[in-house]
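Visitor: My structure file upload-v2.cif, mmCIF, C-alpha atoms and all ligand atoms, is below:
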data_start
#
loop_
_atom_site.label_atom_id
_atom_site.label_comp_id
_atom_site.auth_asym_id
_atom_site.auth_seq_id
_atom_site.Cartn_x
_atom_site.Cartn_y
_atom_site.Cartn_z
CA ASN A 29 -33.73 -23.89 33.17
CA ARG A 30 -34.59 -21.48 30.44
CA HIS A 31 -32.35 -18.64 29.34
CA ALA A 32 -33.63 -15.10 29.36
CA PRO A 33 -34.71 -14.00 25.86
CA ASP A 34 -32.07 -11.95 24.06
CA ILE A 35 -33.30 -8.64 22.67
CA LEU A 36 -30.54 -8.74 20.04
CA SER A 37 -31.50 -12.20 18.69
CA PRO A 38 -33.34 -12.78 15.39
CA GLU A 39 -36.09 -14.69 17.26
CA PHE A 40 -36.75 -11.62 19.35
CA ALA A 41 -36.91 -9.34 16.30
CA ALA A 42 -39.40 -11.71 14.64
CA ASP A 43 -41.72 -11.90 17.65
CA PRO A 44 -40.88 -9.70 20.63
CA TYR A 45 -44.30 -10.23 22.21
CA SER A 46 -43.68 -13.93 23.04
CA ALA A 47 -40.29 -13.02 24.47
CA TYR A 48 -41.84 -10.23 26.53
CA ARG A 49 -44.15 -12.75 28.19
CA ILE A 50 -41.23 -14.97 29.20
CA MET A 51 -39.39 -11.92 30.51
CA ARG A 52 -42.33 -10.72 32.61
CA ASP A 53 -43.03 -14.19 34.03
CA GLU A 54 -39.56 -15.57 34.58
CA PHE A 55 -36.97 -12.81 34.15
CA PRO A 56 -38.46 -9.52 35.37
CA LEU A 57 -34.95 -8.13 35.73
CA ILE A 58 -32.30 -9.05 33.16
CA ARG A 59 -28.70 -7.97 32.90
CA HIS A 60 -27.76 -7.77 29.19
CA GLU A 61 -23.98 -7.69 28.82
CA ALA A 62 -23.72 -6.68 25.16
CA MET A 63 -26.20 -3.85 25.63
CA GLN A 64 -24.56 -2.92 28.92
CA SER A 65 -28.00 -2.49 30.37
CA TYR A 66 -30.50 -3.97 32.79
CA ILE A 67 -33.95 -4.68 31.36
CA VAL A 68 -37.38 -4.43 33.01
CA SER A 69 -40.60 -5.58 31.40
CA ARG A 70 -43.50 -5.55 33.89
CA TYR A 71 -45.98 -2.68 33.70
CA GLU A 72 -45.40 -1.75 37.32
CA ASP A 73 -41.61 -1.58 36.91
CA VAL A 74 -41.66 0.35 33.63
CA ALA A 75 -44.18 2.84 35.06
CA ARG A 76 -42.03 3.28 38.14
CA ALA A 77 -38.90 3.93 36.09
CA PHE A 78 -40.70 6.79 34.32
CA LYS A 79 -42.03 8.33 37.51
CA ASP A 80 -39.28 7.84 40.09
CA PRO A 81 -36.62 10.59 39.79
CA VAL A 82 -33.90 8.10 40.80
CA PHE A 83 -34.24 6.99 37.18
CA THR A 84 -32.60 9.90 35.35
CA THR A 85 -32.22 10.70 31.66
CA ASP A 86 -28.46 11.24 32.02
CA ASN A 87 -27.89 8.30 29.66
CA TYR A 88 -29.14 10.48 26.80
CA ASP A 89 -25.86 12.39 26.95
CA TRP A 90 -24.17 9.45 25.25
CA GLN A 91 -27.25 7.88 23.68
CA LEU A 92 -28.61 10.97 21.97
CA GLU A 93 -26.17 13.86 22.06
CA PRO A 94 -23.95 12.81 19.14
CA ALA A 95 -26.92 12.78 16.73
CA HIS A 96 -29.21 15.45 18.21
CA GLY A 97 -27.13 17.78 20.29
CA ARG A 98 -28.54 18.76 23.66
CA THR A 99 -32.33 18.55 23.93
CA ILE A 100 -34.96 18.67 26.66
CA LEU A 101 -34.81 14.87 26.86
CA GLN A 102 -31.37 15.11 28.49
CA MET A 103 -32.36 17.91 30.84
CA SER A 104 -33.95 17.83 34.25
CA GLY A 105 -35.22 20.24 36.87
CA ARG A 106 -35.72 23.88 35.99
CA GLU A 107 -33.59 23.76 32.84
CA HIS A 108 -35.96 21.12 31.45
CA ALA A 109 -39.18 22.72 32.68
CA VAL A 110 -38.41 26.16 31.22
CA ARG A 111 -37.55 24.87 27.74
CA ARG A 112 -40.37 22.35 27.64
CA ALA A 113 -42.77 25.17 28.51
CA LEU A 114 -41.70 27.04 25.36
CA VAL A 115 -43.24 24.50 23.01
CA ALA A 116 -45.84 22.78 25.18
CA PRO A 117 -48.57 25.44 24.69
CA ALA A 118 -48.45 24.98 20.90
CA PHE A 119 -49.35 21.31 21.31
CA ARG A 120 -52.51 21.65 23.37
CA GLY A 121 -55.71 23.58 23.94
CA ASN A 122 -56.69 26.48 21.75
CA ALA A 123 -53.37 26.69 19.91
CA LEU A 124 -53.74 23.11 18.79
CA GLN A 125 -57.43 23.46 18.05
CA ASP A 126 -57.47 26.82 16.25
CA HIS A 127 -54.03 27.05 14.78
CA PHE A 128 -52.91 23.54 14.03
CA MET A 129 -56.09 21.51 13.47
CA PRO A 130 -56.54 23.24 10.08
CA VAL A 131 -52.89 22.42 9.26
CA ILE A 132 -53.45 18.80 10.26
CA GLU A 133 -56.68 18.48 8.28
CA ARG A 134 -55.22 20.12 5.19
CA ASN A 135 -52.10 17.95 5.20
CA ALA A 136 -54.11 14.74 5.57
CA ARG A 137 -56.47 15.77 2.76
CA THR A 138 -53.67 16.71 0.37
CA LEU A 139 -51.97 13.35 0.79
CA ILE A 140 -55.18 11.31 0.50
CA ASP A 141 -56.19 13.28 -2.59
CA GLY A 142 -52.92 12.11 -4.10
CA PHE A 143 -54.05 8.46 -4.18
CA ARG A 144 -57.81 8.25 -3.64
CA HIS A 145 -58.48 8.06 -7.38
CA THR A 146 -56.11 5.15 -7.92
CA GLY A 147 -57.76 2.35 -5.97
CA ARG A 148 -54.54 1.30 -4.30
CA ALA A 149 -51.90 2.76 -2.02
CA ASP A 150 -49.17 1.82 0.39
CA LEU A 151 -50.46 3.57 3.47
CA VAL A 152 -46.97 3.56 4.99
CA ALA A 153 -45.02 5.09 2.08
CA ASP A 154 -47.84 7.23 0.67
CA PHE A 155 -49.42 8.42 3.89
CA ALA A 156 -48.08 7.48 7.33
CA THR A 157 -44.43 8.44 6.79
CA ARG A 158 -45.35 11.72 5.12
CA PHE A 159 -48.24 13.13 7.06
CA PRO A 160 -46.65 13.74 10.51
CA VAL A 161 -43.43 15.19 9.03
CA ASN A 162 -45.42 17.51 6.82
CA VAL A 163 -47.38 18.72 9.83
CA ILE A 164 -44.33 19.40 11.98
CA VAL A 165 -42.51 21.02 9.04
CA ASP A 166 -45.55 23.29 8.59
CA MET A 167 -45.66 24.05 12.31
CA LEU A 168 -42.00 25.06 12.27
CA GLY A 169 -42.52 27.12 9.13
CA LEU A 170 -40.04 25.04 7.10
CA ASP A 171 -40.23 23.91 3.48
CA GLN A 172 -42.40 20.84 2.76
CA GLY A 173 -40.58 20.39 -0.54
CA GLU A 174 -37.68 19.07 1.54
CA TYR A 175 -39.71 16.07 2.69
CA GLU A 176 -37.19 13.50 1.39
CA ARG A 177 -34.35 15.06 3.34
CA PHE A 178 -36.31 15.45 6.56
CA HIS A 179 -37.43 11.85 6.31
CA ARG A 180 -33.89 10.61 5.69
CA TRP A 181 -32.60 12.67 8.61
CA TYR A 182 -35.08 11.55 11.19
CA THR A 183 -34.76 7.93 10.08
CA ALA A 184 -30.99 8.17 10.59
CA ILE A 185 -31.40 9.75 14.02
CA ILE A 186 -33.90 7.10 15.12
CA GLY A 187 -31.52 4.47 13.73
CA PHE A 188 -28.76 5.99 15.84
CA LEU A 189 -30.94 5.91 18.94
CA GLY A 190 -31.99 2.32 18.38
CA ASN A 191 -28.50 1.10 17.50
CA LEU A 192 -28.57 -1.54 20.24
CA SER A 193 -25.93 -3.71 18.59
CA GLN A 194 -23.69 -0.68 18.10
CA ASP A 195 -23.27 -0.98 14.34
CA PRO A 196 -20.55 1.55 13.38
CA GLU A 197 -22.25 2.52 10.11
CA VAL A 198 -25.52 3.34 11.83
CA HIS A 199 -23.53 5.38 14.32
CA ALA A 200 -21.69 7.28 11.58
CA ALA A 201 -24.95 8.01 9.74
CA GLY A 202 -26.38 9.54 12.90
CA VAL A 203 -23.38 11.81 13.44
CA ARG A 204 -23.36 12.82 9.76
CA THR A 205 -27.03 13.69 10.03
CA ARG A 206 -26.35 16.05 12.90
CA GLU A 207 -23.92 17.94 10.63
CA GLU A 208 -26.21 17.95 7.60
CA PHE A 209 -29.16 19.07 9.66
CA ALA A 210 -27.13 21.85 11.26
CA ALA A 211 -25.88 23.03 7.87
CA TYR A 212 -29.49 23.19 6.68
CA MET A 213 -31.06 24.72 9.79
CA LEU A 214 -28.54 27.26 11.08
CA PRO A 215 -28.95 29.73 8.15
CA ILE A 216 -32.74 29.38 8.40
CA ILE A 217 -32.62 30.11 12.14
CA ARG A 218 -30.45 33.20 11.59
CA GLU A 219 -32.82 34.46 8.93
CA ARG A 220 -35.91 33.74 11.02
CA ARG A 221 -34.54 35.78 13.90
CA GLY A 222 -34.73 38.79 11.59
CA SER A 223 -38.31 38.17 10.39
CA LEU A 224 -40.38 36.43 13.02
CA GLY A 225 -43.67 34.82 12.00
CA ASP A 226 -46.32 32.94 13.96
CA ASP A 227 -44.64 29.56 13.54
CA LEU A 228 -42.98 27.45 16.23
CA LEU A 229 -39.46 28.20 15.01
CA SER A 230 -40.17 31.90 15.50
CA THR A 231 -41.40 31.13 19.02
CA LEU A 232 -38.09 29.44 19.78
CA CYS A 233 -36.11 32.29 18.19
CA ALA A 234 -38.01 34.92 20.18
CA ALA A 235 -37.89 33.04 23.50
CA GLU A 236 -35.88 34.47 26.34
CA ILE A 237 -34.71 32.33 29.23
CA ASP A 238 -33.58 34.42 32.20
CA GLY A 239 -33.11 37.34 29.86
CA THR A 240 -31.06 35.42 27.29
CA SER A 241 -32.20 34.00 23.95
CA MET A 242 -31.53 30.40 23.07
CA SER A 243 -28.43 29.82 20.95
CA ASP A 244 -28.79 28.85 17.28
CA GLU A 245 -27.35 25.46 18.17
CA ASP A 246 -29.94 24.89 20.92
CA ILE A 247 -32.79 25.83 18.60
CA LYS A 248 -31.43 23.53 15.91
CA SER A 249 -31.32 20.64 18.41
CA PHE A 250 -34.87 21.40 19.53
CA CYS A 251 -36.07 21.23 15.91
CA SER A 252 -34.17 18.00 15.41
CA LEU A 253 -35.95 16.51 18.44
CA LEU A 254 -39.37 17.72 17.29
CA LEU A 255 -38.91 16.26 13.81
CA THR A 256 -37.68 12.93 15.11
CA ALA A 257 -40.03 12.55 18.05
CA GLY A 258 -42.99 13.78 16.02
CA GLY A 259 -42.25 11.99 12.75
CA GLU A 260 -41.19 8.41 13.29
CA THR A 261 -43.55 7.72 16.18
CA THR A 262 -46.78 9.12 14.80
CA ASP A 263 -46.05 7.46 11.48
CA LYS A 264 -45.94 4.06 13.18
CA ALA A 265 -49.09 4.77 15.21
CA LEU A 266 -51.00 5.66 12.04
CA ALA A 267 -50.04 2.51 10.18
CA GLY A 268 -50.68 0.54 13.37
CA ILE A 269 -54.23 1.76 13.92
CA VAL A 270 -55.18 1.00 10.30
CA ARG A 271 -53.65 -2.46 10.47
CA ASN A 272 -55.21 -3.32 13.84
CA LEU A 273 -58.64 -2.31 12.60
CA LEU A 274 -58.23 -4.16 9.28
CA ASP A 275 -57.29 -7.25 11.31
CA HIS A 276 -60.52 -6.92 13.31
CA PRO A 277 -63.29 -6.27 10.78
CA GLU A 278 -66.08 -6.10 13.36
CA GLN A 279 -64.23 -3.36 15.26
CA LEU A 280 -63.46 -1.57 12.00
CA ALA A 281 -67.17 -1.64 11.13
CA ALA A 282 -68.04 -0.24 14.56
CA VAL A 283 -65.53 2.60 14.21
CA ARG A 284 -66.67 3.32 10.67
CA ALA A 285 -70.26 3.64 11.85
CA ASP A 286 -69.46 5.63 14.98
CA ARG A 287 -66.41 7.86 14.68
CA SER A 288 -66.55 8.78 18.36
CA LEU A 289 -64.91 5.35 18.89
CA ILE A 290 -61.71 6.49 17.17
CA PRO A 291 -60.04 7.65 20.43
CA LEU A 292 -60.61 4.18 21.88
CA ALA A 293 -58.98 2.61 18.82
CA PHE A 294 -56.05 5.01 19.16
CA ALA A 295 -55.49 4.26 22.86
CA GLU A 296 -55.79 0.51 22.31
CA THR A 297 -53.34 0.69 19.39
CA LEU A 298 -50.81 2.43 21.64
CA ARG A 299 -51.18 -0.27 24.27
CA TYR A 300 -51.15 -3.19 21.83
CA THR A 301 -48.59 -2.02 19.25
CA PRO A 302 -46.75 0.99 20.70
CA PRO A 303 -44.46 2.86 18.25
CA VAL A 304 -41.70 3.17 20.85
CA HIS A 305 -40.92 -0.22 22.39
CA MET A 306 -38.17 0.77 24.77
CA ILE A 307 -36.77 3.79 26.57
CA MET A 308 -33.55 3.87 28.55
CA ARG A 309 -32.86 5.46 31.88
CA GLN A 310 -29.86 5.65 34.20
CA VAL A 311 -30.13 5.08 37.95
CA ALA A 312 -28.59 7.66 40.26
CA GLU A 313 -28.27 5.20 43.15
CA ASP A 314 -28.76 1.48 43.87
CA VAL A 315 -32.35 0.55 43.10
CA GLU A 316 -34.48 -2.49 43.98
CA ILE A 317 -36.65 -3.36 40.99
CA GLY A 318 -37.96 -6.51 39.28
CA GLY A 319 -36.90 -8.62 42.24
CA GLY A 320 -33.24 -7.61 42.11
CA THR A 321 -30.81 -4.75 42.58
CA VAL A 322 -29.60 -2.38 39.89
CA PRO A 323 -26.33 -0.74 40.94
CA ALA A 324 -25.92 3.05 40.88
CA GLY A 325 -24.88 4.41 37.48
CA SER A 326 -26.35 1.51 35.47
CA THR A 327 -28.55 1.88 32.44
CA VAL A 328 -32.05 0.37 32.57
CA THR A 329 -33.97 -0.48 29.41
CA CYS A 330 -37.69 -0.05 30.09
CA LEU A 331 -39.79 -2.19 27.76
CA ILE A 332 -42.94 -0.23 26.93
CA GLY A 333 -43.88 -2.94 24.44
CA ALA A 334 -43.83 -5.56 27.20
CA ALA A 335 -45.63 -3.37 29.75
CA GLY A 336 -48.64 -2.96 27.44
CA ARG A 337 -49.06 -6.74 27.30
CA ASP A 338 -48.68 -7.36 31.02
CA GLU A 339 -51.39 -9.74 32.22
CA ARG A 340 -50.87 -8.34 35.73
CA ARG A 341 -52.32 -5.09 34.38
CA TYR A 342 -54.61 -5.96 31.45
CA ALA A 343 -57.04 -8.84 30.96
CA ASP A 344 -56.30 -10.87 27.79
CA PRO A 345 -53.46 -8.51 26.90
CA ASP A 346 -52.74 -10.19 23.56
CA VAL A 347 -56.24 -9.41 22.32
CA PHE A 348 -56.81 -6.11 20.46
CA ASP A 349 -60.12 -4.85 21.82
CA ILE A 350 -61.09 -1.21 21.58
CA PHE A 351 -63.95 -1.90 23.99
CA ARG A 352 -61.78 -3.21 26.81
CA THR A 353 -62.71 -1.67 30.13
CA ASP A 354 -59.26 -1.76 31.71
CA LEU A 355 -57.82 0.93 29.42
CA SER A 356 -59.18 4.41 29.66
CA ALA A 357 -58.83 6.52 26.52
CA LYS A 358 -60.06 9.49 28.45
CA ASN A 359 -57.07 9.44 30.76
CA ALA A 360 -54.49 8.63 28.14
CA PHE A 361 -53.12 12.16 28.19
CA SER A 362 -53.10 12.95 31.85
CA ALA A 363 -50.13 12.16 34.06
CA ALA A 364 -52.06 9.05 35.11
CA ALA A 365 -52.00 7.57 31.60
CA ASP A 366 -53.27 4.02 31.37
CA HIS A 367 -50.83 2.91 28.72
CA LEU A 368 -47.14 3.79 28.76
CA ALA A 369 -46.64 4.55 25.06
CA PHE A 370 -46.05 8.24 25.82
CA ALA A 371 -44.06 7.46 28.99
CA LEU A 372 -45.04 9.15 32.27
CA GLY A 373 -43.80 11.87 34.53
CA ARG A 374 -41.58 14.81 33.64
CA HIS A 375 -40.71 13.65 30.13
CA PHE A 376 -44.24 12.53 29.25
CA CYS A 377 -44.57 13.10 25.50
CA VAL A 378 -45.12 16.80 25.00
CA GLY A 379 -46.64 16.09 21.56
CA ALA A 380 -49.18 13.52 22.78
CA LEU A 381 -52.22 15.62 21.93
CA LEU A 382 -50.77 16.55 18.57
CA ALA A 383 -50.13 12.87 17.82
CA LYS A 384 -53.67 12.05 18.88
CA ALA A 385 -55.08 14.80 16.67
CA GLU A 386 -53.02 13.61 13.70
CA VAL A 387 -53.80 9.92 14.01
CA GLU A 388 -57.48 10.48 14.72
CA THR A 389 -57.86 12.93 11.83
CA GLY A 390 -55.86 10.65 9.55
CA ILE A 391 -57.95 7.55 10.20
CA ASP A 392 -61.19 9.54 10.01
CA GLN A 393 -60.31 10.92 6.59
CA LEU A 394 -59.08 7.55 5.33
CA LEU A 395 -62.38 5.94 6.31
CA ASP A 396 -64.31 8.73 4.55
CA ALA A 397 -62.26 8.45 1.38
CA MET A 398 -62.29 4.64 1.26
CA PRO A 399 -65.61 3.01 2.15
CA ASP A 400 -64.26 -0.46 1.28
CA LEU A 401 -60.66 -0.16 2.46
CA ALA A 402 -59.02 -3.62 2.50
CA LEU A 403 -55.55 -5.11 2.78
CA ALA A 404 -54.01 -5.86 -0.62
CA GLU A 405 -54.54 -9.49 -1.56
CA HIS A 406 -51.96 -11.98 -0.20
CA PHE A 407 -50.21 -9.28 1.80
CA ARG A 408 -49.24 -10.14 5.36
CA PRO A 409 -48.23 -7.04 7.33
CA THR A 410 -45.09 -7.54 9.43
CA GLU A 411 -43.61 -5.28 12.05
CA GLN A 412 -39.96 -4.27 11.98
CA GLY A 413 -37.63 -2.61 14.42
CA LEU A 414 -36.62 -3.01 18.04
CA PHE A 415 -36.40 0.45 19.56
CA THR A 416 -39.21 1.84 17.49
CA ARG A 417 -41.36 -0.81 15.87
CA GLY A 418 -43.99 -0.69 13.16
CA LEU A 419 -45.01 -1.72 9.69
CA ALA A 420 -42.57 -1.27 6.81
CA ALA A 421 -45.44 -1.39 4.28
CA LEU A 422 -49.23 -1.48 4.29
CA PRO A 423 -50.56 -1.96 0.75
CA VAL A 424 -54.33 -1.53 0.57
CA THR A 425 -57.00 -1.53 -2.10
CA PHE A 426 -60.32 0.32 -2.33
CA THR A 427 -62.83 1.49 -4.89
CA PRO A 428 -61.29 4.55 -6.56
CA ALA A 429 -63.04 7.83 -5.87
CA ALA A 430 -65.01 9.12 -8.86
C1 LIG B 501 -41.27 12.45 24.54
C2 LIG B 501 -43.68 8.77 22.45
C3 LIG B 501 -45.53 11.86 19.17
C4 LIG B 501 -42.53 15.30 20.78
C5 LIG B 501 -41.80 11.20 24.26
C6 LIG B 501 -41.56 10.01 25.07
C7 LIG B 501 -42.21 8.99 24.46
C8 LIG B 501 -42.88 9.53 23.30
C9 LIG B 501 -42.25 7.54 24.92
C10 LIG B 501 -40.73 9.96 26.35
C11 LIG B 501 -39.27 9.79 26.06
C12 LIG B 501 -38.49 9.62 27.32
O1 LIG B 501 -39.04 9.78 28.41
O2 LIG B 501 -37.31 9.28 27.26
C13 LIG B 501 -44.41 9.31 21.39
C14 LIG B 501 -45.36 8.56 20.60
C15 LIG B 501 -45.89 9.42 19.68
C16 LIG B 501 -45.27 10.71 19.90
C17 LIG B 501 -45.69 7.08 20.78
C18 LIG B 501 -46.93 9.17 18.61
C19 LIG B 501 -47.90 8.32 18.70
C20 LIG B 501 -44.90 13.07 19.33
C21 LIG B 501 -45.16 14.26 18.56
C22 LIG B 501 -44.31 15.22 19.01
C23 LIG B 501 -43.51 14.63 20.08
C24 LIG B 501 -46.19 14.39 17.44
C25 LIG B 501 -44.18 16.65 18.59
C26 LIG B 501 -43.72 17.08 17.50
C27 LIG B 501 -41.93 14.82 21.92
C28 LIG B 501 -40.95 15.58 22.71
C29 LIG B 501 -40.61 14.76 23.80
C30 LIG B 501 -41.35 13.52 23.65
C31 LIG B 501 -40.44 16.97 22.39
C32 LIG B 501 -39.64 15.10 24.93
C33 LIG B 501 -40.41 15.59 26.13
C34 LIG B 501 -39.54 15.90 27.32
O3 LIG B 501 -38.38 15.46 27.39
O4 LIG B 501 -40.02 16.61 28.22
N1 LIG B 501 -42.62 10.87 23.20
N2 LIG B 501 -44.38 10.59 20.94
N3 LIG B 501 -43.91 13.34 20.24
N4 LIG B 501 -42.14 13.59 22.53
FE1 LIG B 501 -43.35 12.14 21.81
#
Show me, as structure tokens, the structure contained in the file I just sent.
Ligand code: HEM
Guide:
Amino acid sequence: NRHAPDILSPEFAADPYSAYRIMRDEFPLIRHEAMQSYIVSRYEDVARAFKDPVFTTDNYDWQLEPAHGRTILQMSGREHAVRRALVAPAFRGNALQDHFMPVIERNARTLIDGFRHTGRADLVADFATRFPVNVIVDMLGLDQGEYERFHRWYTAIIGFLGNLSQDPEVHAAGVRTREEFAAYMLPIIRERRGSLGDDLLSTLCAAEIDGTSMSDEDIKSFCSLLLTAGGETTDKALAGIVRNLLDHPEQLAAVRADRSLIPLAFAETLRYTPPVHMIMRQVAEDVEIGGGTVPAGSTVTCLIGAAGRDERRYADPDVFDIFRTDLSAKNAFSAAADHLAFALGRHFCVGALLAKAEVETGIDQLLDAMPDLALAEHFRPTEQGLFTRGLAALPVTFTPAA
């Protein structure tokens, strides 16, 4: 009689994927007392939790509000739809292609130019953690020189969100960040209202909802969400795609030779090593799921990381294979996404296409700049984190550019 794996145990942190398998096979519904949450792990159950409106995002009021303020993640119905629609157009179609692709390409190039002559780099510290923040800071029309602060802020907010063991210091850092971020942003927002540009912050300042503009506080929270959601996640996806390809030299060679394979590598990376491993929901009424009942009002932790490795959904799920036929890269951004890394349904990641553009441009430029990119000798990449998970470092070597 085995016990259900404990998400808060050191064994889990070292290797969640083995624990996920035991959960899916033997404990598809777990009640975790310390986390005060139920846990589901099968693809079918996680997908359902994202799509079925009985699973609400009301939990974000306590999970997110103290660090972020009120954001679209907490909202539902019309309130959510109207605010989401303010930013969504910037992240897709012509706006993304014409306006932001040049921003993305320029930011990637600037960072790579910073180390391509040296022959070595830590692709996490020197590239992955910087590139997505720089892009979103540019999109909002903020100051890239403040990179260190933005990075510290979004790390603290993500820490707050993923504070599963309820460490009081992590909690305090999150709350402090909300104050620091507000002190930084509110004067900028007031100033921007007086001189609108063509950036996303100006769009938010100019927006009218039922004849009323958004409050400074609401705009600040929106920016906080964009920085956090767009920074930490894309950073982990970038490091992940490089690592997964380096681990599979034949697939790396294929991608290097045919760059049209990059979207496949991106989709497979999101299935195999998703940046966000878990998302919480709250059930509005009693729900039957994972072979049991979750009582009304309970929190449910939906394990995206486990869903991507579900053998009920994917053949040989523990194998990284960009050529697998049971994952469609083409559909990865429609509501019928094949992997769950961007969630599904109403809160489906609004920045998914931006993330895709960033990661795909990033890897493309890295491959161009480094024809013999290799892991630094003796380095073994290890993932860290529970809520979001990714590499803490990725030292590489290559022939320096002339
Ligand atoms: C929502 C993942 C990149 C902005 C989400 C959700 C997930 C997710 C799982 C759903 C959260 C929930 O339902 O509770 C990711 C991953 C990314 C990524 C894995 C990178 C690979 C981005 C980028 C942006 C962004 C680049 C834009 C700056 C957002 C926003 C939401 C969201 C604003 C809330 C949408 C809503 O509530 O309607 N993301 N994201 N994300 N994401 Fe992303």
Visitor: List as number ranges by chain the protein and nucleic acid residues lying within 8 Å of ligand LIG 501 (chain B), with all atoms listed in the file counted.
Guide: A: 78, 85, 99-103, 108-109, 112, 119, 160, 164, 250, 253-266, 298, 302-304, 306-309, 368-372, 374-384, 386-387
Visitor: At what distance in Å, to one decimal, does CA of Ile317 in chain A lie from CA of Pro81 in chain A?
Guide: 14.0 Å
Visitor: Under the rule that only C-alpha atoms are counted, which of A:Ala397, A:Ala420, A:Ala312, A:Leu292 is the nearest residue to Thr138 in chain A?
Guide: A:Ala397
Visitor: Report, in Å to a single decimal, how far apart CA of Ala32 in chain A and CA of Pro44 in chain A are.
Guide: 12.6 Å
Visitor: To one decimal place in Å, what is the distance between CA of Leu232 in chain A and CA of Ala200 in chain A?
Guide: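 It comes out at 28.8 Å.
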Visitor: Taking into account all atoms listed in the file, which residue in the set A:Ser193, A:Thr321, A:Gln172, A:Thr205 is nearest to Phe159 in chain A?
Guide: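 Checking each of A:Ser193, A:Thr321, A:Gln172, A:Thr205 against Phe159 in chain A, counting all atoms listed in the file, the winner is A:Gln172.
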Visitor: A:Ala156, A:Ile332, A:Ala324, A:Leu280: which is nearest Ile350 in chain A, counting only C-alpha atoms?
Guide: A:Leu280
Visitor: Neighbours of range 390-393 of chain A within 12 Å (all atoms listed in the file; same-chain residues fewer than 6 positions away dropped), as a PDB file with C-alpha atoms, keeping the file's coordinate frame?
Guide:
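Saved to selection31.pdb:
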ATOM      1  CA  MET A 129     -56.090  21.510  13.470  1.00  0.00           C
ATOM      2  CA  ILE A 132     -53.450  18.800  10.260  1.00  0.00           C
ATOM      3  CA  GLU A 133     -56.680  18.480   8.280  1.00  0.00           C
ATOM      4  CA  ARG A 134     -55.220  20.120   5.190  1.00  0.00           C
ATOM      5  CA  ASN A 135     -52.100  17.950   5.200  1.00  0.00           C
ATOM      6  CA  ALA A 136     -54.110  14.740   5.570  1.00  0.00           C
ATOM      7  CA  ARG A 137     -56.470  15.770   2.760  1.00  0.00           C
ATOM      8  CA  THR A 138     -53.670  16.710   0.370  1.00  0.00           C
ATOM      9  CA  LEU A 139     -51.970  13.350   0.790  1.00  0.00           C
ATOM     10  CA  ILE A 140     -55.180  11.310   0.500  1.00  0.00           C
ATOM     11  CA  ASP A 141     -56.190  13.280  -2.590  1.00  0.00           C
ATOM     12  CA  ARG A 144     -57.810   8.250  -3.640  1.00  0.00           C
ATOM     13  CA  LEU A 151     -50.460   3.570   3.470  1.00  0.00           C
ATOM     14  CA  PHE A 155     -49.420   8.420   3.890  1.00  0.00           C
ATOM     15  CA  ALA A 156     -48.080   7.480   7.330  1.00  0.00           C
ATOM     16  CA  THR A 157     -44.430   8.440   6.790  1.00  0.00           C
ATOM     17  CA  ARG A 158     -45.350  11.720   5.120  1.00  0.00           C
ATOM     18  CA  PHE A 159     -48.240  13.130   7.060  1.00  0.00           C
ATOM     19  CA  PRO A 160     -46.650  13.740  10.510  1.00  0.00           C
ATOM     20  CA  VAL A 163     -47.380  18.720   9.830  1.00  0.00           C
ATOM     21  CA  THR A 262     -46.780   9.120  14.800  1.00  0.00           C
ATOM     22  CA  ASP A 263     -46.050   7.460  11.480  1.00  0.00           C
ATOM     23  CA  ALA A 265     -49.090   4.770  15.210  1.00  0.00           C
ATOM     24  CA  LEU A 266     -51.000   5.660  12.040  1.00  0.00           C
ATOM     25  CA  ALA A 267     -50.040   2.510  10.180  1.00  0.00           C
ATOM     26  CA  GLY A 268     -50.680   0.540  13.370  1.00  0.00           C
ATOM     27  CA  ILE A 269     -54.230   1.760  13.920  1.00  0.00           C
ATOM     28  CA  VAL A 270     -55.180   1.000  10.300  1.00  0.00           C
ATOM     29  CA  ARG A 271     -53.650  -2.460  10.470  1.00  0.00           C
ATOM     30  CA  ASN A 272     -55.210  -3.320  13.840  1.00  0.00           C
ATOM     31  CA  LEU A 273     -58.640  -2.310  12.600  1.00  0.00           C
ATOM     32  CA  LEU A 274     -58.230  -4.160   9.280  1.00  0.00           C
ATOM     33  CA  LEU A 280     -63.460  -1.570  12.000  1.00  0.00           C
ATOM     34  CA  VAL A 283     -65.530   2.600  14.210  1.00  0.00           C
ATOM     35  CA  ARG A 284     -66.670   3.320  10.670  1.00  0.00           C
ATOM     36  CA  ALA A 285     -70.260   3.640  11.850  1.00  0.00           C
ATOM     37  CA  ASP A 286     -69.460   5.630  14.980  1.00  0.00           C
ATOM     38  CA  ARG A 287     -66.410   7.860  14.680  1.00  0.00           C
ATOM     39  CA  SER A 288     -66.550   8.780  18.360  1.00  0.00           C
ATOM     40  CA  LEU A 289     -64.910   5.350  18.890  1.00  0.00           C
ATOM     41  CA  ILE A 290     -61.710   6.490  17.170  1.00  0.00           C
ATOM     42  CA  PRO A 291     -60.040   7.650  20.430  1.00  0.00           C
ATOM     43  CA  ALA A 293     -58.980   2.610  18.820  1.00  0.00           C
ATOM     44  CA  PHE A 294     -56.050   5.010  19.160  1.00  0.00           C
ATOM     45  CA  LEU A 382     -50.770  16.550  18.570  1.00  0.00           C
ATOM     46  CA  ALA A 383     -50.130  12.870  17.820  1.00  0.00           C
ATOM     47  CA  LYS A 384     -53.670  12.050  18.880  1.00  0.00           C
ATOM     48  CA  PRO A 399     -65.610   3.010   2.150  1.00  0.00           C
ATOM     49  CA  LEU A 401     -60.660  -0.160   2.460  1.00  0.00           C
TER      50      LEU A 401
END
Visitor: Pick out the residues sitting within 8 Å of Leu331 in chain A, and hand them over as a ChimeraX atom specification; count all atoms listed in the file, and ignore anything fewer than 3 positions along from it in its own chain.
Guide: /A:67-70,74,305-307,334-335
